[in-house]
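Student: The structure file final_5.csv (CSV, C-alpha atoms) is provided below.
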chain,number,residue,atom,x,y,z
A,253,MET,CA,-19.1,-14.4,1.5
A,254,LYS,CA,-17.5,-13.6,4.8
A,255,SER,CA,-14.0,-14.6,3.6
A,256,GLN,CA,-14.4,-12.5,0.4
A,257,THR,CA,-15.5,-9.5,2.4
A,258,GLN,CA,-12.6,-9.9,4.9
A,259,THR,CA,-10.1,-10.0,2.0
A,260,ARG,CA,-11.5,-6.7,0.6
A,261,VAL,CA,-11.3,-5.0,3.9
A,262,THR,CA,-7.8,-6.4,4.6
A,263,ARG,CA,-6.7,-4.9,1.4
A,264,ALA,CA,-8.3,-1.7,2.3
A,265,ALA,CA,-6.1,-1.6,5.4
A,266,VAL,CA,-2.9,-2.2,3.6
A,267,LEU,CA,-3.7,0.1,0.8
A,268,ILE,CA,-4.9,2.9,3.1
A,269,PHE,CA,-1.7,2.6,5.2
A,270,ALA,CA,0.5,1.3,2.4
A,271,SER,CA,-0.9,3.5,-0.2
A,272,ILE,CA,-1.5,5.0,2.0
A,273,PHE,CA,-1.6,2.2,4.8
A,274,VAL,CA,-5.1,0.5,4.6
A,275,THR,CA,-6.2,-2.8,2.8
A,276,SER,CA,-5.5,-5.0,5.8
A,277,LEU,CA,-7.0,-3.7,9.0
A,278,ALA,CA,-10.7,-3.7,8.0
A,279,THR,CA,-10.3,-7.4,7.6
A,280,ILE,CA,-9.9,-7.6,11.3
A,281,LEU,CA,-13.5,-6.6,11.8
A,282,PRO,CA,-16.0,-9.4,12.0
A,283,LEU,CA,-18.6,-6.7,11.4
A,284,GLY,CA,-17.0,-6.0,8.0
A,285,ALA,CA,-19.5,-8.1,6.2
A,286,SER,CA,-21.4,-5.0,5.3
A,287,LEU,CA,-18.5,-3.6,3.3
A,288,VAL,CA,-18.2,-4.3,-0.4
A,289,ARG,CA,-15.5,-3.5,-2.9
A,290,ALA,CA,-16.0,-0.5,-5.0
A,291,GLN,CA,-17.1,-1.2,-8.6
A,292,LYS,CA,-14.4,-1.6,-11.3
A,293,PRO,CA,-14.2,1.6,-13.4
A,294,THR,CA,-15.3,1.0,-16.9
A,295,ALA,CA,-12.4,2.9,-18.6
A,296,ALA,CA,-8.9,4.0,-17.8
A,297,ALA,CA,-8.8,7.4,-16.2
A,298,ALA,CA,-6.2,9.3,-18.2
A,299,GLY,CA,-6.6,12.7,-16.6
A,300,PRO,CA,-5.7,11.9,-13.0
A,301,GLY,CA,-2.9,9.5,-14.0
A,302,THR,CA,-1.3,12.3,-16.0
A,303,GLY,CA,-1.9,14.8,-13.2
A,304,SER,CA,0.0,12.7,-10.8
A,305,ARG,CA,3.0,12.8,-13.1
A,306,MET,CA,2.9,16.5,-13.1
A,307,ASN,CA,3.3,16.5,-9.3
A,308,GLN,CA,6.6,14.6,-9.4
A,309,PRO,CA,9.8,16.2,-8.2
A,310,THR,CA,11.7,17.7,-11.2
A,311,ASP,CA,14.8,15.6,-10.5
A,312,MET,CA,13.4,12.1,-11.2
A,313,ALA,CA,16.8,10.5,-11.1
A,314,ARG,CA,17.6,11.6,-7.6
A,315,THR,CA,18.2,9.0,-4.9
A,316,HIS,CA,15.4,8.7,-2.4
A,317,PRO,CA,16.3,8.4,1.3
A,318,PHE,CA,14.8,4.9,1.6
A,319,GLU,CA,16.8,3.5,-1.3
A,320,SER,CA,19.8,2.6,0.9
A,321,GLY,CA,17.8,0.1,2.9
A,322,GLU,CA,15.1,0.8,5.5
A,323,GLU,CA,12.7,-1.2,7.6
A,324,LEU,CA,9.7,0.4,9.3
A,325,ILE,CA,7.8,-1.5,12.1
A,326,TYR,CA,4.3,-0.5,13.2
A,327,VAL,CA,1.7,-1.7,15.7
A,328,ALA,CA,-2.0,-1.3,14.9
A,329,GLU,CA,-4.5,-0.8,17.7
A,330,PHE,CA,-8.3,-0.8,17.7
A,331,SER,CA,-10.6,1.2,19.9
A,332,ARG,CA,-14.4,1.2,20.2
A,333,ALA,CA,-16.5,2.3,23.1
A,334,LEU,CA,-15.0,0.7,26.3
A,335,LEU,CA,-12.5,-1.3,24.2
A,336,LYS,CA,-9.4,1.0,24.1
A,337,LYS,CA,-6.1,0.6,22.2
A,338,VAL,CA,-6.3,-3.2,21.7
A,339,ASP,CA,-3.3,-4.6,19.7
A,340,VAL,CA,-4.7,-6.1,16.4
A,341,ALA,CA,-1.8,-6.3,13.9
A,342,ASP,CA,1.9,-5.8,13.2
A,343,PHE,CA,3.1,-4.0,10.0
A,344,ARG,CA,6.6,-4.4,8.6
A,345,PHE,CA,7.7,-2.5,5.5
A,346,THR,CA,11.2,-2.7,3.9
A,347,ALA,CA,12.8,-0.8,1.0
A,348,ALA,CA,16.0,-1.5,-0.9
A,349,ARG,CA,17.6,-1.3,-4.3
A,350,GLN,CA,17.6,-4.3,-6.7
A,351,SER,CA,20.1,-4.4,-9.5
A,352,GLY,CA,19.0,-4.5,-13.1
A,353,GLY,CA,20.5,-5.4,-16.4
A,354,ARG,CA,19.6,-2.7,-18.9
A,355,LYS,CA,19.9,1.1,-19.5
A,356,ILE,CA,17.2,3.4,-18.1
A,357,VAL,CA,15.1,4.4,-21.1
A,358,GLU,CA,11.5,5.5,-20.4
A,359,ALA,CA,10.3,6.6,-23.8
A,360,GLY,CA,6.8,7.5,-22.5
A,361,PHE,CA,8.3,10.0,-20.1
A,362,GLY,CA,11.3,11.1,-22.1
A,363,GLN,CA,13.8,9.7,-19.6
A,364,ASP,CA,17.2,8.4,-20.6
A,365,THR,CA,19.8,8.8,-17.9
A,366,GLY,CA,22.4,6.6,-19.5
A,367,ASP,CA,23.0,4.8,-16.2
A,368,GLU,CA,22.7,1.1,-15.5
A,369,ALA,CA,19.1,0.5,-14.4
A,370,TYR,CA,18.1,-0.6,-11.0
A,371,SER,CA,14.7,-1.2,-9.4
A,372,LEU,CA,13.3,-0.5,-6.0
A,373,LYS,CA,12.0,-3.5,-4.1
A,374,PHE,CA,9.4,-2.9,-1.4
A,375,THR,CA,8.1,-5.6,0.8
A,376,GLY,CA,5.2,-5.6,3.3
A,377,ASP,CA,4.2,-8.1,5.9
A,378,ILE,CA,1.0,-7.5,7.9
A,379,SER,CA,-0.2,-10.1,10.4
A,380,SER,CA,-2.9,-10.3,13.1
A,381,LYS,CA,-1.8,-10.4,16.7
A,382,GLY,CA,-2.9,-10.0,20.3
A,383,LEU,CA,-6.2,-10.2,22.3
A,384,PHE,CA,-8.4,-9.1,19.4
A,385,SER,CA,-7.3,-12.0,17.3
A,386,LYS,CA,-7.9,-14.5,20.1
A,387,LEU,CA,-11.3,-13.1,21.0
A,388,PHE,CA,-12.7,-13.4,17.5
A,389,ASN,CA,-10.5,-16.3,16.4
A,390,LEU,CA,-9.5,-14.2,13.4
A,391,HIS,CA,-6.0,-14.8,12.0
A,392,PHE,CA,-4.6,-13.4,8.9
A,393,ARG,CA,-1.3,-12.6,7.2
A,394,GLU,CA,-0.7,-10.4,4.1
A,395,GLN,CA,2.6,-10.4,2.3
A,396,ILE,CA,3.3,-8.0,-0.6
A,397,GLU,CA,6.3,-7.5,-2.8
A,398,SER,CA,6.5,-4.5,-5.2
A,399,ILE,CA,9.1,-3.9,-7.9
A,400,VAL,CA,9.2,-0.2,-8.9
A,401,GLU,CA,11.1,1.7,-11.6
A,402,PRO,CA,12.6,4.7,-9.7
A,403,ALA,CA,12.4,7.0,-12.7
A,404,PRO,CA,9.6,7.5,-13.3
A,405,PHE,CA,8.3,6.2,-10.0
A,406,THR,CA,5.9,3.5,-11.2
A,407,VAL,CA,5.2,-0.1,-10.3
A,408,LYS,CA,6.3,-2.9,-12.7
A,409,LYS,CA,5.3,-6.0,-10.8
A,410,THR,CA,3.3,-6.9,-7.6
A,411,LYS,CA,3.3,-10.2,-5.8
A,412,ARG,CA,0.9,-11.0,-3.0
A,413,VAL,CA,0.2,-13.8,-0.5
A,414,ASP,CA,-3.1,-13.5,1.4
A,415,GLU,CA,-3.7,-16.0,4.2
A,416,GLN,CA,-6.8,-16.0,6.4
A,417,GLY,CA,-7.1,-19.0,8.6
A,418,LYS,CA,-6.9,-22.0,6.3
A,419,ARG,CA,-7.7,-19.9,3.3
A,420,SER,CA,-4.8,-18.9,1.1
A,421,ARG,CA,-4.5,-16.9,-2.2
A,422,ILE,CA,-1.4,-16.1,-4.3
A,423,SER,CA,-1.6,-13.3,-6.9
A,424,GLU,CA,0.7,-11.6,-9.3
A,425,THR,CA,0.2,-8.4,-11.3
A,426,THR,CA,2.4,-7.2,-14.1
A,427,TYR,CA,2.3,-3.7,-15.7
A,428,SER,CA,3.3,-3.1,-19.3
A,429,ASN,CA,2.4,-0.6,-22.1
A,430,GLY,CA,-0.5,1.0,-20.2
A,431,ASN,CA,-2.1,-2.4,-19.3
A,432,LEU,CA,-2.0,-4.4,-16.1
A,433,PHE,CA,-2.4,-8.2,-16.0
A,434,TRP,CA,-3.6,-9.8,-12.7
A,435,ILE,CA,-3.9,-13.5,-11.9
A,436,GLU,CA,-4.8,-15.1,-8.6
A,437,ARG,CA,-4.4,-18.8,-7.7
A,438,ASP,CA,-5.4,-21.0,-4.8
A,439,PRO,CA,-2.3,-22.9,-3.6
A,440,ASN,CA,-4.4,-25.3,-1.6
A,441,ASN,CA,-6.4,-26.3,-4.7
A,442,PRO,CA,-4.2,-26.4,-7.8
A,443,SER,CA,-7.0,-27.8,-9.9
A,444,ARG,CA,-9.1,-24.7,-9.3
A,445,ALA,CA,-9.1,-22.4,-12.3
A,446,PRO,CA,-7.3,-19.1,-11.5
A,447,ARG,CA,-9.0,-15.8,-11.5
A,448,SER,CA,-7.6,-13.1,-13.9
A,449,ALA,CA,-8.2,-9.6,-15.1
A,450,GLU,CA,-6.7,-7.1,-17.5
A,451,THR,CA,-7.2,-3.4,-17.1
A,452,ALA,CA,-5.9,-0.3,-18.9
A,453,PHE,CA,-4.3,2.7,-17.0
A,454,ALA,CA,-2.7,6.0,-18.0
A,455,GLY,CA,0.5,7.5,-16.8
A,456,GLN,CA,2.1,6.3,-13.5
A,457,VAL,CA,0.5,3.6,-11.5
A,458,GLN,CA,1.1,2.4,-7.9
A,459,ASP,CA,0.0,-0.7,-6.1
A,460,VAL,CA,-1.2,-0.8,-2.5
A,461,LEU,CA,2.4,-0.8,-1.1
A,462,SER,CA,4.3,1.4,-3.5
A,463,ALA,CA,1.8,4.2,-3.1
A,464,ILE,CA,3.0,5.1,0.3
A,465,TYR,CA,6.6,5.4,-0.9
A,466,TYR,CA,5.4,7.4,-3.9
A,467,LEU,CA,3.8,9.9,-1.5
A,468,ARG,CA,7.2,10.2,0.3
A,469,THR,CA,8.7,11.6,-2.9
A,470,GLN,CA,6.1,14.3,-3.2
A,471,PRO,CA,6.2,18.0,-2.0
A,472,LEU,CA,3.0,17.6,0.2
A,473,GLU,CA,2.0,21.2,0.3
A,474,ILE,CA,-0.8,22.4,2.7
A,475,GLY,CA,-4.1,22.7,0.8
A,476,LYS,CA,-2.8,20.8,-2.3
A,477,THR,CA,-4.3,17.5,-3.6
A,478,ILE,CA,-2.4,14.8,-5.4
A,479,GLU,CA,-4.3,12.2,-7.5
A,480,VAL,CA,-2.7,8.8,-7.1
A,481,THR,CA,-3.5,6.0,-9.5
A,482,VAL,CA,-3.6,2.7,-7.5
A,483,SER,CA,-4.2,-0.8,-8.7
A,484,ASP,CA,-5.6,-3.6,-6.5
A,485,SER,CA,-6.6,-7.1,-7.6
A,486,GLY,CA,-7.0,-6.2,-11.3
A,487,HIS,CA,-8.9,-2.9,-10.6
A,488,VAL,CA,-7.6,0.6,-11.0
A,489,TYR,CA,-8.7,3.5,-8.7
A,490,GLN,CA,-8.1,7.2,-8.5
A,491,VAL,CA,-7.2,8.2,-4.9
A,492,PRO,CA,-7.1,11.9,-4.1
A,493,VAL,CA,-4.6,12.6,-1.3
A,494,ARG,CA,-4.9,16.1,0.3
A,495,THR,CA,-2.3,17.7,2.7
A,496,VAL,CA,-4.5,19.3,5.4
A,497,GLU,CA,-2.4,20.1,8.5
A,498,LYS,CA,1.0,20.8,9.8
A,499,LYS,CA,1.6,20.1,13.5
A,500,ARG,CA,4.1,18.8,16.1
A,501,MET,CA,3.7,15.3,17.3
A,502,LYS,CA,5.4,13.0,19.8
A,503,THR,CA,7.0,10.0,17.9
A,504,ILE,CA,9.8,7.5,18.4
A,505,LEU,CA,11.9,10.2,16.7
A,506,GLY,CA,11.1,12.6,19.4
A,507,ARG,CA,8.7,15.5,19.1
A,508,VAL,CA,8.8,16.4,15.4
A,509,GLU,CA,6.9,18.4,12.9
A,510,VAL,CA,4.6,16.3,10.7
A,511,LEU,CA,2.3,16.8,7.8
A,512,ARG,CA,-1.2,15.1,8.0
A,513,VAL,CA,-2.7,14.0,4.7
A,514,ASP,CA,-6.2,12.6,4.1
A,515,ALA,CA,-6.7,10.0,1.5
A,516,GLU,CA,-10.1,9.4,-0.1
A,517,VAL,CA,-10.3,5.6,-0.1
A,518,TYR,CA,-14.0,5.4,1.0
A,519,GLY,CA,-17.0,6.0,-1.2
A,520,PRO,CA,-18.4,5.1,-4.6
A,521,ASN,CA,-15.8,3.8,-7.0
A,522,ARG,CA,-13.1,4.0,-4.3
A,523,ILE,CA,-11.2,1.2,-2.7
A,524,ILE,CA,-14.0,0.7,-0.1
A,525,ASP,CA,-17.6,1.4,-1.0
A,526,GLY,CA,-18.7,2.7,2.4
A,527,GLU,CA,-18.2,5.5,4.9
A,528,GLY,CA,-14.9,6.1,6.7
A,529,GLN,CA,-11.9,8.4,7.0
A,530,PHE,CA,-8.2,7.8,6.6
A,531,SER,CA,-5.3,10.0,7.5
A,532,ILE,CA,-1.6,9.5,7.7
A,533,CYS,CA,1.2,11.7,9.2
A,534,PHE,CA,4.6,12.1,7.5
A,535,THR,CA,7.6,13.8,9.0
A,536,ASN,CA,8.1,17.3,7.5
A,537,ASP,CA,11.6,16.8,6.3
A,538,MET,CA,13.5,15.2,3.3
A,539,LYS,CA,12.8,11.6,4.6
A,540,ARG,CA,9.0,12.0,4.8
A,541,ILE,CA,8.8,9.0,7.2
A,542,PRO,CA,5.2,7.9,7.9
A,543,VAL,CA,5.0,7.9,11.7
A,544,SER,CA,1.4,7.3,12.3
A,545,ALA,CA,-2.0,6.7,10.6
A,546,ARG,CA,-5.6,6.6,11.7
A,547,VAL,CA,-8.6,4.8,10.1
A,548,LYS,CA,-12.1,5.8,11.4
A,549,THR,CA,-15.1,3.6,10.5
A,550,GLU,CA,-18.5,3.1,11.9
A,551,TYR,CA,-17.1,0.0,13.6
A,552,GLY,CA,-14.3,1.7,15.5
A,553,THR,CA,-11.0,3.4,15.1
A,554,PHE,CA,-7.6,1.9,14.1
A,555,ASP,CA,-4.4,3.8,15.2
A,556,ILE,CA,-1.2,2.7,13.5
A,557,THR,CA,2.0,3.8,15.1
A,558,LEU,CA,5.6,3.6,14.1
A,559,ARG,CA,7.5,1.7,16.8
A,560,LYS,CA,10.9,1.0,15.2
A,561,ILE,CA,13.2,2.1,12.3
A,562,ILE,CA,16.0,-0.2,11.1
A,563,GLN,CA,18.5,1.2,8.6
A,564,ASN,CA,20.1,-1.2,6.0
A,565,PRO,CA,18.2,-4.3,7.2
A,566,THR,CA,19.1,-7.7,6.1
A,567,GLN,CA,16.6,-8.6,3.4
A,568,PRO,CA,14.9,-11.9,4.1
A,569,GLU,CA,13.9,-14.2,1.3
A,570,PHE,CA,10.4,-13.1,0.4
A,571,LEU,CA,7.3,-15.3,-0.2
A,572,THR,CA,9.1,-18.5,0.9
A,573,ARG,CA,5.9,-20.3,1.7
A,574,ALA,CA,4.3,-19.1,-1.5
A,575,THR,CA,7.2,-20.7,-3.5
A,576,ASN,CA,7.0,-23.9,-1.6
A,577,ALA,CA,3.2,-24.0,-2.2
A,578,HIS,CA,3.8,-24.3,-5.9
How would this structure read if it were set down as structure tokens?
Tutor:
Amino acid sequence: MKSQTQTRVTRAAVLIFASIFVTSLATILPLGASLVRAQKPTAAAAGPGTGSRMNQPTDMARTHPFESGEELIYVAEFSRALLKKVDVADFRFTAARQSGGRKIVEAGFGQDTGDEAYSLKFTGDISSKGLFSKLFNLHFREQIESIVEPAPFTVKKTKRVDEQGKRSRISETTYSNGNLFWIERDPNNPSRAPRSAETAFAGQVQDVLSAIYYLRTQPLEIGKTIEVTVSDSGHVYQVPVRTVEKKRMKTILGRVEVLRVDAEVYGPNRIIDGEGQFSICFTNDMKRIPVSARVKTEYGTFDITLRKIIQNPTQPEFLTRATNAH
């Protein structure tokens, strides 16, 4: 039970700060046993999915700033009472183009650019670190790979490796014709029957990693809300994201103007069925770089801060251990 709960909260940390950035940090909380996953919606939510499409930039074929290659490195810190700013995890996100072998034809959205298709490949690596991990003997690593069609901006495949101590899970989700197909295996126990799910969705859909890049393509106007359709482990959720504030902030880029957005990932039929708040700050420019995020829960506060940006990074082979595990 504890392991299952930690997995859910971990994903809430990556999703919140990778959808936003969250499905992985809550896993770090030994107290997280009281958190449970929101119930699976009984039907596809067509309205919000369609609404997110309407919020897209008009030029869907444009090149996004992160397509030329980008790696973002973050440090997550935890605070509660006298415990201040304790390092708990490292985040690494990379983005790059991946060549394709067909023409771009998206009949559902009326897109036909006539160009050779390419995909966007996003990878995320989140791992525990520091004193917090040692104190509670809690070690985890979450690796995610997302393949996204750039026009329209929608995910086509998600791979995930989830390691918590000796426990390991490998999952894959594919998206086709308004349905997603999810399967999860235990690499340490090949004879164990895999878990699987099939769920319908409408319009564009993101996974817990691609959602943050999707937000970087949006206008983010003060007072406006964007509905983002997000899938996680065979479930589909509607995540309202509201731009609430413009301010100047000290970052590794200097003192820059940022936009703070709040994402509703807590509550009934949300990613986490519990109380909490999540916010993330993007630079107020064309790049929309996520420079920080904050997750507030009854157990404490997580601050996630951008520490380094690498342009055109060398792409490592992803999921090497997962491949070997098969």
Student: Near range 487-503 of chain A, within 6 Å and counting only C-alpha atoms, which residues show up once chain neighbours fewer than 4 positions away are dropped, as an MDAnalysis selection string?
Tutor: chainID A and resid 292 472 474:483 507:516
Student: Report, in Å with one decimal, the straight-line distance from CA of Lys560 in chain A to CA of Ile504 in chain A.
Tutor: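 Between these atoms lies a distance of 7.3 Å.
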Student: Show me, as a list in words, the residues that have an atom within 10 Å of Arg393 in chain A when counting only C-alpha atoms, minus same-chain residues fewer than 6 positions from it.
Tutor: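 Contacts, with the query itself left out: Thr262, Ser276, Ala341, Asp342, Asp377, Ile378, Ser379, Ser380, Lys381, Val413, Asp414, Glu415, Gln416, Gly417 and Ser420 of chain A.
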Student: By how many Å are CA of Val543 in chain A and CA of Pro520 in chain A apart?
Tutor: 28.7 Å
Student: As an exercise, work out the distance from CA of Gly376 in chain A to CA of Ser443 in chain A in Å and give it to one decimal place.
Tutor: 28.6 Å
Student: Kindly extract all protein, DNA and RNA residues lying within 6 Å of the coordinates (-10.1, -1.8, 15.6) given in the file, considering only C-alpha atoms, and supply them as an MDAnalysis selection string.
Tutor: chainID A and resid 330:331 552:554
Student: For Thr535 in chain A, which residue out of A:Leu461, A:Leu505, A:Leu390, A:Ala445 is the nearest one, using only C-alpha atoms?
Tutor: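 Smallest distance to Thr535 in chain A is found for A:Leu505.
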Student: I need the residue nearest Pro446 in chain A from this list: A:Glu424, A:Asn521, A:Tyr466, A:Ser544. Use only C-alpha atoms for the distance.
Tutor: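 Residue with the minimum atom-to-atom distance to Pro446 in chain A: A:Glu424.
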Student: Considering all atoms listed in the file, can you say which of A:Thr410, A:Pro404, A:Ala333, A:Asn441 comes closest to Gly455 in chain A?
Tutor: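 Smallest separation from Gly455 in chain A among the options: A:Pro404.
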Student: For Gln470 in chain A, which residue out of A:Arg349, A:Arg344, A:Arg540, A:Lys386 is the nearest one, using all atoms listed in the file?
Tutor: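 Between A:Arg349, A:Arg344, A:Arg540, A:Lys386, the residue approaching Gln470 in chain A most closely is A:Arg540.
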Student: Please identify all polymer residues within 6 Å of Asp555 in chain A, counting all atoms listed in the file, omitting same-chain residues fewer than 2 positions from it, and present them as a PyMOL selection string.
Tutor: chain A and resi 328-329+545-546
Student: Taking into account only C-alpha atoms, which residue in the set A:Val460, A:His316, A:Thr549, A:Leu334 is nearest to Asp525 in chain A?
Tutor: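 Using only C-alpha atoms, Asp525 in chain A sits closest to A:Thr549.
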Student: Could you tell me which of A:Ile435, A:Val340, A:Ile422, A:Leu372 comes closest to Pro402 in chain A if we count all atoms listed in the file?
Tutor: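 Selected residue with least distance to Pro402 in chain A: A:Leu372.
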